[in-house]
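One structure below.
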Amino acid sequence: MSRLSSHVAHALRFAAIGGNAGYLWFLVVTGRWNELLHPRFGWLITVGAVLLALFTVASLVAWIRGTHTERTGAAVLLFALPLVFAATAHDRDAQDVAIRSALAEAEPFGPAITLPEHGEIVVDGETYYRTYNAVWDQIDDLVGRTLTTVGFVYRSPVFPDGVFVVARYLLWCCAADASTIGFYSTIDSGVVPADNTWVRVTGRLGKATVPHPTEDRSFTAPAIQVQRMEPMDPLPSRYVLP
Amino acid sequence: MIGNVSSPQAVKKSVPRLVLLALLGVAAVVAALQVGPVVFAGSFFRSLAVVFQSIFLEALPFLLFGSVVAAIVHLYLPPTLLRRLLPGRPGPAILAASVAGLALPVCECAIVPVVRRLIGKGLPVSVAVTFLFAVPIINPLVIASTWVAFADRPTVVLLRIAFGLAGPLLAGTLVQLLFRREEMGRLVRGVDASTGHEHHAIPYRAGKRHLIAQVVHVAHHAALEFVEMGQYFLLGVLISSFVQALPNRDALLTLGDSSVGSVLTLSAGAYLLSLCSEADAFIARTFLGQVSGGSLIAFLVLGPMMDLKNTLMLRRVFRWEFVLLLIVLAGAVAVFAGLLVNNLGVVE
């Protein structure tokens with residue numbers, strides 16, 4: 001291989017690794033990886049950033065030393081993809097689009113919490129998913145109880161007027177496998193706040209037949225007849241972690 | 001990997017081609033950055049971008065880890081040691097490979113570069129295939145995540161383990177029976193599997209380098225491995241993201257109503273979605289009640305053994321015909337498992 005080809009191969013490889021190392025470090029420093037992955041991946045992303053930085057240094061050393069190398073094909077340009085995608089879609093709206101495309105029945109599973117025998121049931125905070133599970137499991141005994149929950153407004157085109165979901169995103173692993181969960185809510189006035197508005201809703205628990213968002217069928221789910229609804233500041237994360 | 005000697009004519013030809021490719025690459029990146037925000041404003045492309053990033057970030061650390069292990073194997077594992085460690089006869093060696101994941105808990109992304117280097121050190125292809133198929137299923141992390149997702153249905157966990165052992169054992173044994181040792185060399189790219197010598201390989205040398213120099217040396221080789229495998233990995237992630245970004249992804253997975261149809265559909269889904277084996281059980285759980293029990297098992301067995309991004313990475317290890325054979329073998333195991341479970345009715 002000629003000197004020029006060798007330099008080109010080294011340069012392309014250095015750019016491919018260095019570019020992605022920079023991207024990963026950006027995500028680590030800003031904490032933005034959190035918008036795409038479950039928190040348990042935090043240390044893995046940091047280790048990945050360290051390894052890529054090490055690879056970058058090693059590639060630079062090899063280039064400077066003029067280590068003999070194989071030719072690099074055009075496929076190395078694929079390494080630009082993560083940077084291009086990151087540059088074009090990093091906002092939360094984009095996440096919403098991705099997750100909503102996967103909206104499903106999402107009948108919950110996993111550990112449930114012991115619900116209070118009397119008074120209000122609150123589905124919020126770190127116990128959100130376990131409380132949500134308990135409500136699904138025991139819905140027949142809970143009809144008529146008062147429930148308060150927080151989330152953002154989500155309306156599917158298939159929902160009738162005055163129906164919306166007080167929604168959160170359930171994240172198992174990464175945004176690619178997240179799904180929307182929440183309580184189907186009916187408001188008598190028929191006036192539903194704009195999509196993505198964060199609300200605190202209190203209402204009477206019941207059951208509803210809900211049209212499936214992507215399939216031609218319905219399913220039964222816990223639902224709220226809204227009694228009180230207040231707008232609120234968005235929570236730091238839209239995700240609920242099981 | 002290193003030391004590809006080219007003829008003067010080839011060098012002459014390659015320079016303008018490289019310059020042209022570099023220019024085209026720069027133009028493509030600039031165009032993507034300029035046009036990207038406009039094109040990507042559409043919901044499909046925004047979904048694609050998010051799904052791509054999340055799959056990429058989720059799997060990247062494992063690929064990096066696999067590249068480091070592969071570089072260490074390449075530089076420091078003497079072929080003689082591997083031969084001493086492995087049982088001499090193919091049967092026990094295949095059996096040992098089927099449970100190797102208990103000691104090396106990695107997913108299907110990390111395992112490909114490791115397998116490639118192990119073949120280079122003389123690991124028989126039949127044992128390598130067993131190792132490749134078994135490690136992403138029979139490892140503590142995957143078993144634990146399946147247990148968490150299906151805690152109320154232990155049969156699903158047991159069936160995943162059973163078929164995750166049986167499938168790789170069957171595949172390895174078939175490869176052993178179908179190909180003679182000298183033929184195995186022709187299945188592998190860049191490695192003479194009959195002798196276990198890599199073409200262009202640096203011979204084993206533990207050396208007495210300074211520690212930092214050793215680290216840089218390993219990192220350089222890991223970087224080469226990463227760039228080489230990463231191209232196929234990225235292409236696989238891109239195609240898989242396209243599938244996942246489709247508006248009715250879930251509807252796609254539940255297309256098959258019949259016993260056979262649902263098994264085939266979810267097998268195809270497992271292949272195309274290319275989910276990480278450490279997370280796929282949670283996705284499978286969301287299908288419960290909507291699809292047949294057998295199709296769930298097929299989904300859980302096929303995905304870790306063979307998926308789209310894995311296929312493209314394997315292209316760098318094996319010849320296309322052999323990759324195709326591996327897809328057929330993995331698919332047949334998963335479909336058989338699914339149909340058997342459906343017929344026995346052991347998972348509801």
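Here's how to read the names in the structure tokens: chain A, B, ... by the order shown, residue numbers from 1 in each chain, ligand numbers from 1 in the order shown.
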Please run DSSP on the backbone and report, as a count of residues only, all residues within segment 132-335 of chain B that come out as strand (DSSP E).
4
Against segment 71-80 of chain B, which residues of segment 121-146 of chain B fall within 9 Å? For each one I want the closest pair of atoms and the distance in Å (one decimal), counting only C-alpha atoms, rows by chain and increasing residue number, as JSON lines.
{"residue": "B:Lys121", "atom": "CA", "partner": "B:Pro79", "partner_atom": "CA", "distance": 4.9}
{"residue": "B:Gly122", "atom": "CA", "partner": "B:Pro79", "partner_atom": "CA", "distance": 6.2}
{"residue": "B:Leu123", "atom": "CA", "partner": "B:Pro79", "partner_atom": "CA", "distance": 8.6}
Closest of B:Gly293, B:Gly91, B:Gly345, B:Gly230 to chain A, counting only C-alpha atoms, is B:Gly230
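Going from atom CA of Tyr154 of chain A over to atom CA of Asp195 of chain A, you cover 5.4 Å.
In this model, the gap between atom CA of Gln227 of chain A and atom CA of Ser156 of chain A comes to 21.6 Å.
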Hey, could you make a per-residue contact list for segment 128-148 of chain A against segment 231-240 of chain A with 12 Å as the cut-off, showing the nearest pair of atoms and its distance in Å to one decimal, counting only C-alpha atoms, sorted by chain and number, as a tab-separated table?
residue	atom	partner	partner_atom	distance
A:Tyr128	CA	A:Val240	CA	7.0
A:Tyr129	CA	A:Val240	CA	6.7
A:Arg130	CA	A:Val240	CA	10.2
A:Thr131	CA	A:Val240	CA	11.6
A:Tyr132	CA	A:Val240	CA	10.6
